[in-house]
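S.K.: This one is model-v6.cif, mmCIF, C-alpha atoms.
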data_work
loop_
_atom_site.group_PDB
_atom_site.id
_atom_site.type_symbol
_atom_site.label_atom_id
_atom_site.label_comp_id
_atom_site.auth_asym_id
_atom_site.auth_seq_id
_atom_site.Cartn_x
_atom_site.Cartn_y
_atom_site.Cartn_z
ATOM 1 C CA GLU A 7 29.696 -8.019 -14.383
ATOM 2 C CA THR A 8 26.071 -9.020 -14.109
ATOM 3 C CA LEU A 9 24.950 -10.719 -10.900
ATOM 4 C CA VAL A 10 21.706 -12.678 -11.051
ATOM 5 C CA HIS A 11 19.200 -12.473 -8.201
ATOM 6 C CA THR A 12 15.904 -14.344 -8.369
ATOM 7 C CA GLY A 13 14.075 -12.350 -5.710
ATOM 8 C CA PRO A 14 12.465 -8.916 -5.960
ATOM 9 C CA PRO A 15 14.844 -5.987 -6.571
ATOM 10 C CA ALA A 16 14.374 -4.600 -3.047
ATOM 11 C CA LYS A 17 15.865 -7.824 -1.624
ATOM 12 C CA ALA A 18 19.082 -7.659 -3.696
ATOM 13 C CA ASP A 19 22.329 -6.867 -1.881
ATOM 14 C CA ARG A 20 24.826 -4.098 -2.720
ATOM 15 C CA VAL A 21 23.428 -2.767 -5.975
ATOM 16 C CA GLN A 22 25.184 0.289 -7.453
ATOM 17 C CA SER A 23 22.780 0.875 -10.346
ATOM 18 C CA TRP A 24 19.792 -0.749 -12.014
ATOM 19 C CA VAL A 25 19.138 -1.314 -15.721
ATOM 20 C CA VAL A 26 15.504 -2.288 -16.060
ATOM 21 C CA GLY A 27 13.356 -3.000 -19.091
ATOM 22 C CA PRO A 28 15.072 -5.237 -21.643
ATOM 23 C CA GLY A 29 13.101 -8.492 -21.639
ATOM 24 C CA LEU A 30 10.979 -7.336 -18.694
ATOM 25 C CA GLY A 31 7.585 -7.945 -20.256
ATOM 26 C CA ASP A 32 4.405 -6.077 -19.406
ATOM 27 C CA GLY A 33 2.580 -8.057 -16.740
ATOM 28 C CA ALA A 34 1.961 -7.346 -13.069
ATOM 29 C CA ALA A 35 5.342 -8.801 -12.049
ATOM 30 C CA ALA A 36 7.114 -6.517 -14.527
ATOM 31 C CA ARG A 37 5.288 -3.457 -13.203
ATOM 32 C CA HIS A 38 6.119 -4.458 -9.616
ATOM 33 C CA SER A 39 9.812 -4.861 -10.502
ATOM 34 C CA LEU A 40 9.917 -1.454 -12.153
ATOM 35 C CA ASP A 41 8.119 0.195 -9.216
ATOM 36 C CA ASP A 42 10.515 -1.534 -6.803
ATOM 37 C CA VAL A 43 13.574 -0.266 -8.676
ATOM 38 C CA LEU A 44 12.215 3.266 -9.102
ATOM 39 C CA GLY A 45 11.387 3.350 -5.390
ATOM 40 C CA SER A 46 15.049 2.831 -4.495
ATOM 41 C CA ASP A 47 17.653 5.541 -3.924
ATOM 42 C CA ILE A 48 19.958 3.907 -6.486
ATOM 43 C CA PRO A 49 20.658 5.183 -10.028
ATOM 44 C CA VAL A 50 18.311 3.621 -12.593
ATOM 45 C CA LEU A 51 18.318 3.305 -16.376
ATOM 46 C CA VAL A 52 14.949 2.428 -17.935
ATOM 47 C CA ASP A 53 14.820 0.972 -21.440
ATOM 48 C CA ALA A 54 12.622 -1.160 -23.709
ATOM 49 C CA ASP A 55 9.626 -2.755 -21.928
ATOM 50 C CA GLY A 56 10.252 -0.621 -18.844
ATOM 51 C CA LEU A 57 9.508 2.555 -20.808
ATOM 52 C CA HIS A 58 5.946 1.364 -21.492
ATOM 53 C CA LEU A 59 5.363 0.904 -17.754
ATOM 54 C CA LEU A 60 6.558 4.319 -16.577
ATOM 55 C CA PRO A 61 4.105 6.337 -14.471
ATOM 56 C CA SER A 62 2.368 8.926 -16.644
ATOM 57 C CA GLY A 63 3.037 11.633 -14.073
ATOM 58 C CA GLY A 64 6.787 11.303 -14.501
ATOM 59 C CA LEU A 65 9.601 10.597 -12.084
ATOM 60 C CA HIS A 66 10.026 14.037 -10.543
ATOM 61 C CA GLY A 67 10.148 12.638 -7.008
ATOM 62 C CA ARG A 68 13.256 10.505 -7.604
ATOM 63 C CA ALA A 69 16.402 11.909 -6.018
ATOM 64 C CA ALA A 70 18.772 9.346 -7.556
ATOM 65 C CA ALA A 71 20.035 9.553 -11.136
ATOM 66 C CA THR A 72 17.492 8.385 -13.698
ATOM 67 C CA VAL A 73 18.117 7.783 -17.413
ATOM 68 C CA LEU A 74 15.489 6.859 -20.016
ATOM 69 C CA THR A 75 16.718 5.461 -23.357
ATOM 70 C CA PRO A 76 13.868 5.436 -25.898
ATOM 71 C CA HIS A 77 14.075 5.141 -29.673
ATOM 72 C CA ALA A 78 11.739 7.325 -31.742
ATOM 73 C CA GLY A 79 8.782 4.930 -31.522
ATOM 74 C CA GLU A 80 9.044 4.630 -27.747
ATOM 75 C CA ALA A 81 9.495 8.399 -27.425
ATOM 76 C CA ALA A 82 6.346 8.937 -29.477
ATOM 77 C CA ALA A 83 4.355 6.632 -27.195
ATOM 78 C CA LEU A 84 5.669 8.407 -24.080
ATOM 79 C CA LEU A 85 4.724 11.808 -25.504
ATOM 80 C CA GLY A 86 1.415 10.691 -27.029
ATOM 81 C CA VAL A 87 2.406 11.837 -30.525
ATOM 82 C CA SER A 88 3.250 10.112 -33.809
ATOM 83 C CA ARG A 89 6.663 8.657 -34.571
ATOM 84 C CA GLU A 90 6.854 11.026 -37.548
ATOM 85 C CA GLU A 91 6.445 14.000 -35.207
ATOM 86 C CA VAL A 92 9.343 12.786 -33.071
ATOM 87 C CA GLU A 93 11.550 12.103 -36.102
ATOM 88 C CA SER A 94 10.865 15.530 -37.616
ATOM 89 C CA GLY A 95 11.505 17.322 -34.312
ATOM 90 C CA ARG A 96 13.994 15.218 -32.372
ATOM 91 C CA LEU A 97 15.417 18.145 -30.418
ATOM 92 C CA ALA A 98 11.992 19.286 -29.235
ATOM 93 C CA ALA A 99 11.007 15.688 -28.439
ATOM 94 C CA VAL A 100 14.036 14.915 -26.259
ATOM 95 C CA ARG A 101 13.581 18.183 -24.357
ATOM 96 C CA ALA A 102 9.874 17.496 -23.862
ATOM 97 C CA LEU A 103 10.594 13.999 -22.536
ATOM 98 C CA ALA A 104 13.239 15.239 -20.099
ATOM 99 C CA ASP A 105 10.847 17.874 -18.770
ATOM 100 C CA LYS A 106 7.813 15.562 -18.650
ATOM 101 C CA TYR A 107 9.603 12.788 -16.758
ATOM 102 C CA GLY A 108 12.102 14.831 -14.748
ATOM 103 C CA ALA A 109 14.896 12.558 -15.948
ATOM 104 C CA THR A 110 17.837 12.439 -18.313
ATOM 105 C CA VAL A 111 16.688 11.173 -21.704
ATOM 106 C CA LEU A 112 18.955 9.556 -24.279
ATOM 107 C CA LEU A 113 16.978 9.569 -27.533
ATOM 108 C CA LYS A 114 18.469 6.884 -29.762
ATOM 109 C CA GLY A 115 18.523 7.329 -33.511
ATOM 110 C CA SER A 116 20.533 8.492 -36.487
ATOM 111 C CA THR A 117 21.793 11.254 -34.207
ATOM 112 C CA THR A 118 21.627 10.378 -30.525
ATOM 113 C CA LEU A 119 20.593 13.240 -28.264
ATOM 114 C CA VAL A 120 20.949 13.538 -24.480
ATOM 115 C CA ALA A 121 18.741 15.960 -22.549
ATOM 116 C CA SER A 122 18.371 16.758 -18.862
ATOM 117 C CA PRO A 123 15.967 19.327 -17.436
ATOM 118 C CA GLY A 124 17.587 22.758 -17.268
ATOM 119 C CA HIS A 125 20.676 21.846 -19.318
ATOM 120 C CA PRO A 126 21.669 22.225 -22.975
ATOM 121 C CA VAL A 127 21.039 19.143 -25.134
ATOM 122 C CA ARG A 128 24.131 17.121 -26.028
ATOM 123 C CA VAL A 129 24.565 15.603 -29.488
ATOM 124 C CA ASN A 130 26.603 12.422 -29.882
ATOM 125 C CA PRO A 131 28.992 12.553 -32.873
ATOM 126 C CA THR A 132 29.976 8.864 -33.000
ATOM 127 C CA GLY A 133 26.702 7.208 -34.008
ATOM 128 C CA THR A 134 26.317 5.045 -37.083
ATOM 129 C CA ALA A 135 23.315 3.548 -38.872
ATOM 130 C CA TRP A 136 24.739 0.069 -38.205
ATOM 131 C CA LEU A 137 23.649 0.404 -34.577
ATOM 132 C CA ALA A 138 20.023 -0.128 -35.631
ATOM 133 C CA THR A 139 20.316 -3.873 -35.070
ATOM 134 C CA ALA A 140 18.662 -6.189 -32.563
ATOM 135 C CA GLY A 141 20.331 -6.081 -29.158
ATOM 136 C CA SER A 142 22.474 -3.036 -29.852
ATOM 137 C CA GLY A 143 20.319 -0.900 -27.570
ATOM 138 C CA ASP A 144 20.787 -3.464 -24.798
ATOM 139 C CA VAL A 145 24.556 -3.006 -25.094
ATOM 140 C CA LEU A 146 24.066 0.756 -24.772
ATOM 141 C CA SER A 147 21.849 0.264 -21.720
ATOM 142 C CA GLY A 148 24.347 -2.025 -20.022
ATOM 143 C CA LEU A 149 27.259 0.277 -20.781
ATOM 144 C CA THR A 150 25.422 3.375 -19.552
ATOM 145 C CA GLY A 151 24.148 1.534 -16.481
ATOM 146 C CA SER A 152 27.742 0.560 -15.672
ATOM 147 C CA LEU A 153 28.779 4.195 -15.922
ATOM 148 C CA LEU A 154 25.950 5.150 -13.551
ATOM 149 C CA ALA A 155 27.310 2.567 -11.112
ATOM 150 C CA THR A 156 30.668 4.397 -11.050
ATOM 151 C CA GLY A 157 28.951 7.493 -9.714
ATOM 152 C CA LEU A 158 28.770 9.549 -12.906
ATOM 153 C CA ALA A 159 25.856 11.956 -13.060
ATOM 154 C CA ALA A 160 22.993 10.802 -15.277
ATOM 155 C CA ARG A 161 23.708 13.340 -18.037
ATOM 156 C CA ASP A 162 27.400 12.422 -18.135
ATOM 157 C CA ALA A 163 26.791 8.663 -17.982
ATOM 158 C CA ALA A 164 24.323 8.891 -20.874
ATOM 159 C CA SER A 165 26.658 11.083 -22.933
ATOM 160 C CA VAL A 166 29.739 8.926 -22.342
ATOM 161 C CA GLY A 167 27.736 5.734 -22.904
ATOM 162 C CA ALA A 168 26.414 6.985 -26.254
ATOM 163 C CA TYR A 169 29.884 8.155 -27.312
ATOM 164 C CA LEU A 170 31.613 4.859 -26.451
ATOM 165 C CA HIS A 171 28.768 2.808 -27.951
ATOM 166 C CA GLY A 172 29.044 4.642 -31.262
ATOM 167 C CA LEU A 173 32.840 4.496 -31.243
ATOM 168 C CA ALA A 174 32.739 0.758 -30.546
ATOM 169 C CA ALA A 175 30.332 0.240 -33.454
ATOM 170 C CA ARG A 176 32.725 2.041 -35.783
ATOM 171 C CA ARG A 177 35.572 -0.208 -34.630
ATOM 172 C CA THR A 178 33.872 -3.558 -35.078
ATOM 173 C CA THR A 179 35.491 -6.275 -37.130
ATOM 174 C CA ALA A 180 32.418 -6.923 -39.296
ATOM 175 C CA PRO A 181 33.265 -7.011 -43.025
ATOM 176 C CA ALA A 182 32.890 -3.679 -44.785
ATOM 177 C CA GLY A 183 29.269 -3.055 -45.667
ATOM 178 C CA ALA A 184 27.972 -5.982 -43.585
ATOM 179 C CA PRO A 185 25.583 -5.481 -40.673
ATOM 180 C CA ILE A 186 27.113 -5.678 -37.234
ATOM 181 C CA ALA A 187 25.685 -7.660 -34.362
ATOM 182 C CA ALA A 188 25.240 -6.498 -30.796
ATOM 183 C CA TYR A 189 28.005 -8.892 -29.758
ATOM 184 C CA ASP A 190 30.379 -7.168 -32.211
ATOM 185 C CA VAL A 191 29.647 -3.820 -30.558
ATOM 186 C CA ALA A 192 30.080 -5.199 -27.025
ATOM 187 C CA ALA A 193 33.367 -6.856 -27.972
ATOM 188 C CA ALA A 194 34.714 -3.565 -29.345
ATOM 189 C CA VAL A 195 33.921 -1.503 -26.219
ATOM 190 C CA PRO A 196 37.265 -2.219 -24.434
ATOM 191 C CA GLU A 197 39.253 -1.004 -27.440
ATOM 192 C CA ALA A 198 37.077 2.112 -27.727
ATOM 193 C CA TRP A 199 37.594 2.775 -24.018
ATOM 194 C CA ARG A 200 41.379 2.400 -24.337
ATOM 195 C CA ASP A 201 41.366 4.745 -27.332
ATOM 196 C CA VAL A 202 39.529 7.433 -25.361
ATOM 197 C CA LEU A 203 41.827 7.062 -22.339
ATOM 198 C CA GLY A 204 44.967 7.051 -24.530
#
Output the structure of this file as structure tokens.

M.R.:
Amino acid sequence: ETLVHTGPPAKADRVQSWVVGPGLGDGAAARHSLDDVLGSDIPVLVDADGLHLLPSGGLHGRAAATVLTPHAGEAAALLGVSREEVESGRLAAVRALADKYGATVLLKGSTTLVASPGHPVRVNPTGTAWLATAGSGDVLSGLTGSLLATGLAARDAASVGAYLHGLAARRTTAPAGAPIAAYDVAAAVPEAWRDVLG
């Protein structure tokens, strides 16, 4: 469940993981919130607006699990290259991001990739083009952030999150051939989870 706290992140009680970025904005308050969260010893997932505010020197000093979840355009901005370069070399891009930022990187796209420094890249087999809809990435962030809160390592939380997210999208009740909404994906996560456990 999501608990709402109106104060700065450092003043929140009993936090098991942070998901920061969706709807964050880009002003001074947003940067302060991101810095506050990254300064904690709690697992963090950074997505959306938060990716644009990351320190250019990376996150190599963080001891706690850190996951970045860019799409190709965000990855291109983080690497200082064109989107076309990322799309034509997704494997190289996800490895470069993991090394540059010292974090686990989940590169969203037609084939979702998960990279951590010093480890082989994982490829998610459950993705579908229907996940390229507004809010779908927020569902992935929330799901992966929840897995981080259970104590899973960053690489495993990102891999399991991507797998369940894709599986849930395939199980939605949207009419055949119709776009699915983020809510459809979120609603299908429990069934996908039960299927994996069964």

S.K.: Restrict the calculation to all atoms listed in the file, then for each residue of stretch 92-171 of chain A with any atom at most 10 Å from an atom of stretch 175-198 of chain A give the closest atom pair and their distance in Å to one decimal, rows by chain and rising residue number, as JSON lines.

M.R.:
{"residue": "A:Thr132", "atom": "CA", "partner": "A:Arg176", "partner_atom": "CA", "distance": 7.9}
{"residue": "A:Gly133", "atom": "CA", "partner": "A:Ala175", "partner_atom": "CA", "distance": 7.9}
{"residue": "A:Thr134", "atom": "CA", "partner": "A:Arg176", "partner_atom": "CA", "distance": 7.2}
{"residue": "A:Ala135", "atom": "CA", "partner": "A:Ala175", "partner_atom": "CA", "distance": 9.5}
{"residue": "A:Trp136", "atom": "CA", "partner": "A:Pro185", "partner_atom": "CA", "distance": 6.1}
{"residue": "A:Leu137", "atom": "CA", "partner": "A:Ala175", "partner_atom": "CA", "distance": 6.8}
{"residue": "A:Ala138", "atom": "CA", "partner": "A:Ile186", "partner_atom": "CA", "distance": 9.1}
{"residue": "A:Thr139", "atom": "CA", "partner": "A:Ala187", "partner_atom": "CA", "distance": 6.6}
{"residue": "A:Ala140", "atom": "CA", "partner": "A:Ala188", "partner_atom": "CA", "distance": 6.8}
{"residue": "A:Gly141", "atom": "CA", "partner": "A:Ala188", "partner_atom": "CA", "distance": 5.2}
{"residue": "A:Ser142", "atom": "CA", "partner": "A:Ala188", "partner_atom": "CA", "distance": 4.5}
{"residue": "A:Gly143", "atom": "CA", "partner": "A:Ala188", "partner_atom": "CA", "distance": 8.1}
{"residue": "A:Asp144", "atom": "CA", "partner": "A:Ala188", "partner_atom": "CA", "distance": 8.1}
{"residue": "A:Val145", "atom": "CA", "partner": "A:Ala192", "partner_atom": "CA", "distance": 6.2}
{"residue": "A:Leu146", "atom": "CA", "partner": "A:Ala192", "partner_atom": "CA", "distance": 8.8}
{"residue": "A:Gly148", "atom": "CA", "partner": "A:Ala192", "partner_atom": "CA", "distance": 9.6}
{"residue": "A:Leu149", "atom": "CA", "partner": "A:Ala192", "partner_atom": "CA", "distance": 8.8}
{"residue": "A:Tyr169", "atom": "CA", "partner": "A:Ala198", "partner_atom": "CA", "distance": 9.4}
{"residue": "A:Leu170", "atom": "CA", "partner": "A:Ala198", "partner_atom": "CA", "distance": 6.2}
{"residue": "A:His171", "atom": "CA", "partner": "A:Ala175", "partner_atom": "CA", "distance": 6.3}

S.K.: Return as CSV the residues of stretch 98-180 of chain A lying at most 8 Å from stretch 37-53 of chain A, together with the closest atom-to-atom pair for each and the distance in Å to one decimal, counting only C-alpha atoms, with rows in chain order and ascending residue number.

M.R.:
residue,atom,partner,partner_atom,distance
A:Ser147,CA,A:Asp53,CA,7.1
A:Thr150,CA,A:Leu51,CA,7.8
A:Gly151,CA,A:Leu51,CA,6.1
A:Leu154,CA,A:Pro49,CA,6.4
A:Ala155,CA,A:Pro49,CA,7.2

S.K.: Can you write just those residues out, C-alpha atoms, as a PDB file, in the coordinates of the input?

M.R.:
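And here is the file that came out, selection_24.pdb:
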ATOM      1  CA  SER A 147      21.849   0.264 -21.720  1.00  0.00           C
ATOM      2  CA  THR A 150      25.422   3.375 -19.552  1.00  0.00           C
ATOM      3  CA  GLY A 151      24.148   1.534 -16.481  1.00  0.00           C
ATOM      4  CA  LEU A 154      25.950   5.150 -13.551  1.00  0.00           C
ATOM      5  CA  ALA A 155      27.310   2.567 -11.112  1.00  0.00           C
TER       6      ALA A 155
END

S.K.: Kindly resolve the PyMOL selection byres ((chain A and resi 125) around 10) on the present coordinates and return the residues as a compact mmCIF listing (two decimals) with C-alpha atoms, in the coordinates of the input.

M.R.:
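Produced file selection_27.txt, reproduced below:
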# COMPACT_ATOMS: atom_id res chain seq x y z
CA ARG A 101 13.58 18.18 -24.36
CA ALA A 104 13.24 15.24 -20.10
CA THR A 110 17.84 12.44 -18.31
CA VAL A 120 20.95 13.54 -24.48
CA ALA A 121 18.74 15.96 -22.55
CA SER A 122 18.37 16.76 -18.86
CA PRO A 123 15.97 19.33 -17.44
CA GLY A 124 17.59 22.76 -17.27
CA PRO A 126 21.67 22.22 -22.98
CA VAL A 127 21.04 19.14 -25.13
CA ARG A 128 24.13 17.12 -26.03
CA ARG A 161 23.71 13.34 -18.04

S.K.: Select, from A:Thr72, A:Pro61, A:Ala82, A:Ser88, the residue with the minimum atom-to-atom distance to A:Ala160, counting only C-alpha atoms.

M.R.: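 Of all the options, A:Thr72 lies closest to A:Ala160.
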
S.K.: Between atom CA of A:Thr117 and atom CA of A:Gly27, what is the distance in Å, rounded to a tenth?

M.R.: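 Distance reported for this atom pair: 22.4 Å.
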
S.K.: What's around A:Lys114 at 9 Å? Count all atoms listed in the file, leave out sequence neighbours fewer than 5 positions away in its own chain, and write the answer as a list in words.

M.R.: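 Contacts, with the query itself left out: Thr75, Pro76, His77, Ala78, Leu119, Val120, Gly143 and Ala168 of chain A.
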
S.K.: Step by step, work through what the PyMOL selection byres ((chain A and resi 85) around 8) selects in the shown file, and finish by giving those residues as a list of chain:residue names.

M.R.: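 Taken on the displayed file, the PyMOL selection byres ((chain A and resi 85) around 8) yields the residues A:Ala81, A:Ala82, A:Ala83, A:Leu84, A:Gly86, A:Val87, A:Ala99, A:Ala102, A:Leu103.
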
S.K.: Quick one: write out the picked residues with C-alpha atoms as a PDB file, in the frame of the given file?

M.R.:
ATOM      1  CA  ALA A  81       9.495   8.399 -27.425  1.00  0.00           C
ATOM      2  CA  ALA A  82       6.346   8.937 -29.477  1.00  0.00           C
ATOM      3  CA  ALA A  83       4.355   6.632 -27.195  1.00  0.00           C
ATOM      4  CA  LEU A  84       5.669   8.407 -24.080  1.00  0.00           C
ATOM      5  CA  GLY A  86       1.415  10.691 -27.029  1.00  0.00           C
ATOM      6  CA  VAL A  87       2.406  11.837 -30.525  1.00  0.00           C
ATOM      7  CA  ALA A  99      11.007  15.688 -28.439  1.00  0.00           C
ATOM      8  CA  ALA A 102       9.874  17.496 -23.862  1.00  0.00           C
ATOM      9  CA  LEU A 103      10.594  13.999 -22.536  1.00  0.00           C
TER      10      LEU A 103
END

S.K.: Taking into account only C-alpha atoms, which residue in the set A:Ala36, A:Gly29, A:Ala163, A:Glu93 is nearest to A:Leu74?

M.R.: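 Of A:Ala36, A:Gly29, A:Ala163, A:Glu93, the one nearest A:Leu74, counting only C-alpha atoms, is A:Ala163.
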
S.K.: Which is closest to A:Gly13 among A:Val25, A:Ala98, A:Leu65, A:Ala35, if we use only C-alpha atoms?

M.R.: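 Using only C-alpha atoms, the shortest distance to A:Gly13 belongs to A:Ala35.
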
S.K.: Would you place a box with edges along x, y and z of the file around all atoms of stretch 104-116 of chain A listed there, add 6 Å to each of its six sides, and report the centre and edge lengths in Å to one decimal, as AutoDock Vina command-line options?

M.R.:
--center_x 14.2 --center_y 12.4 --center_z -25.6 --size_x 24.7 --size_y 23.0 --size_z 33.7

S.K.: Which one is closest to A:Arg68: A:Ala34, A:Ala54, A:Val21, A:Ala109? Count all atoms listed in the file.

M.R.: A:Ala109

S.K.: So, counting only C-alpha atoms, which residue among A:Ser94, A:Asn130, A:Gln22, A:Thr12 is closest to A:Thr156?

M.R.: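 Of the candidates, the smallest distance to A:Thr156 is held by A:Gln22.
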
S.K.: Skipping near chain neighbours, those fewer than 2 positions away, what residues fall within 12 Å of A:Arg20 using all atoms listed in the file, listed as an MDAnalysis selection string?

M.R.: chainID A and resid 9 11 15:18 22:24 48 155

S.K.: Please indicate the distance in Å from atom CA of A:His66 to atom CA of A:Gly108, rounded to one decimal place.

M.R.: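 Atom-to-atom, atom CA of A:His66 to atom CA of A:Gly108, that is 4.8 Å.
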
S.K.: Would you pull stretch 91-170 of chain A out of the block just shown and save C-alpha atoms as a CSV table (one decimal), in the first residue's frame?

M.R.:
chain,number,residue,atom,x,y,z
A,91,GLU,CA,21.7,5.1,-31.0
A,92,VAL,CA,20.1,3.5,-27.9
A,93,GLU,CA,17.4,1.7,-30.0
A,94,SER,CA,20.0,0.3,-32.4
A,95,GLY,CA,22.3,-0.9,-29.5
A,96,ARG,CA,20.1,-1.6,-26.6
A,97,LEU,CA,22.4,-4.1,-25.0
A,98,ALA,CA,25.4,-1.8,-25.1
A,99,ALA,CA,23.2,1.1,-23.8
A,100,VAL,CA,21.9,-0.8,-20.8
A,101,ARG,CA,25.4,-1.9,-19.9
A,102,ALA,CA,26.8,1.6,-20.3
A,103,LEU,CA,24.1,3.0,-18.0
A,104,ALA,CA,24.7,0.4,-15.3
A,105,ASP,CA,28.4,1.1,-15.4
A,106,LYS,CA,28.0,4.9,-15.6
A,107,TYR,CA,25.6,5.2,-12.7
A,108,GLY,CA,26.7,2.2,-10.6
A,109,ALA,CA,23.2,1.0,-10.4
A,110,THR,CA,20.8,-1.7,-11.7
A,111,VAL,CA,19.2,-0.4,-14.9
A,112,LEU,CA,15.9,-1.7,-16.3
A,113,LEU,CA,15.7,-0.4,-19.9
A,114,LYS,CA,12.1,-0.5,-20.9
A,115,GLY,CA,11.1,-1.2,-24.5
A,116,SER,CA,10.1,-3.8,-27.0
A,117,THR,CA,12.5,-6.1,-25.2
A,118,THR,CA,13.1,-5.1,-21.6
A,119,LEU,CA,16.7,-5.5,-20.4
A,120,VAL,CA,18.1,-5.6,-16.9
A,121,ALA,CA,21.8,-4.8,-16.3
A,122,SER,CA,23.9,-4.5,-13.1
A,123,PRO,CA,27.6,-3.8,-13.0
A,124,GLY,CA,29.6,-7.0,-13.2
A,125,HIS,CA,26.7,-9.3,-14.1
A,126,PRO,CA,25.3,-10.7,-17.3
A,127,VAL,CA,22.3,-8.8,-18.8
A,128,ARG,CA,18.9,-10.3,-18.3
A,129,VAL,CA,16.3,-10.3,-21.0
A,130,ASN,CA,12.6,-10.3,-20.1
A,131,PRO,CA,10.5,-12.7,-22.2
A,132,THR,CA,7.1,-11.5,-21.2
A,133,GLY,CA,6.9,-8.0,-22.7
A,134,THR,CA,4.3,-6.8,-25.1
A,135,ALA,CA,3.9,-3.7,-27.3
A,136,TRP,CA,0.7,-2.9,-25.5
A,137,LEU,CA,2.7,-1.8,-22.5
A,138,ALA,CA,3.7,1.4,-24.3
A,139,THR,CA,0.7,3.2,-22.9
A,140,ALA,CA,0.5,6.2,-20.4
A,141,GLY,CA,1.0,5.1,-16.8
A,142,SER,CA,2.1,1.6,-17.6
A,143,GLY,CA,5.7,2.5,-16.6
A,144,ASP,CA,4.4,3.8,-13.2
A,145,VAL,CA,2.8,0.4,-12.6
A,146,LEU,CA,6.2,-1.2,-13.3
A,147,SER,CA,7.9,1.2,-11.0
A,148,GLY,CA,5.5,0.6,-8.1
A,149,LEU,CA,5.7,-3.2,-8.6
A,150,THR,CA,9.5,-3.2,-8.7
A,151,GLY,CA,9.6,-0.8,-5.7
A,152,SER,CA,7.4,-3.2,-3.7
A,153,LEU,CA,9.8,-6.0,-4.5
A,154,LEU,CA,12.7,-3.9,-3.3
A,155,ALA,CA,10.8,-3.4,-0.1
A,156,THR,CA,10.7,-7.2,0.5
A,157,GLY,CA,14.5,-7.3,0.5
A,158,LEU,CA,15.1,-8.6,-3.0
A,159,ALA,CA,18.4,-7.5,-4.5
A,160,ALA,CA,18.1,-4.7,-7.1
A,161,ARG,CA,18.8,-7.0,-10.1
A,162,ASP,CA,16.3,-9.6,-8.9
A,163,ALA,CA,13.6,-7.0,-8.1
A,164,ALA,CA,14.0,-5.4,-11.5
A,165,SER,CA,13.9,-8.8,-13.3
A,166,VAL,CA,10.9,-10.1,-11.4
A,167,GLY,CA,9.1,-6.8,-11.7
A,168,ALA,CA,9.6,-6.7,-15.5
A,169,TYR,CA,8.5,-10.4,-15.8
A,170,LEU,CA,5.3,-9.9,-13.7
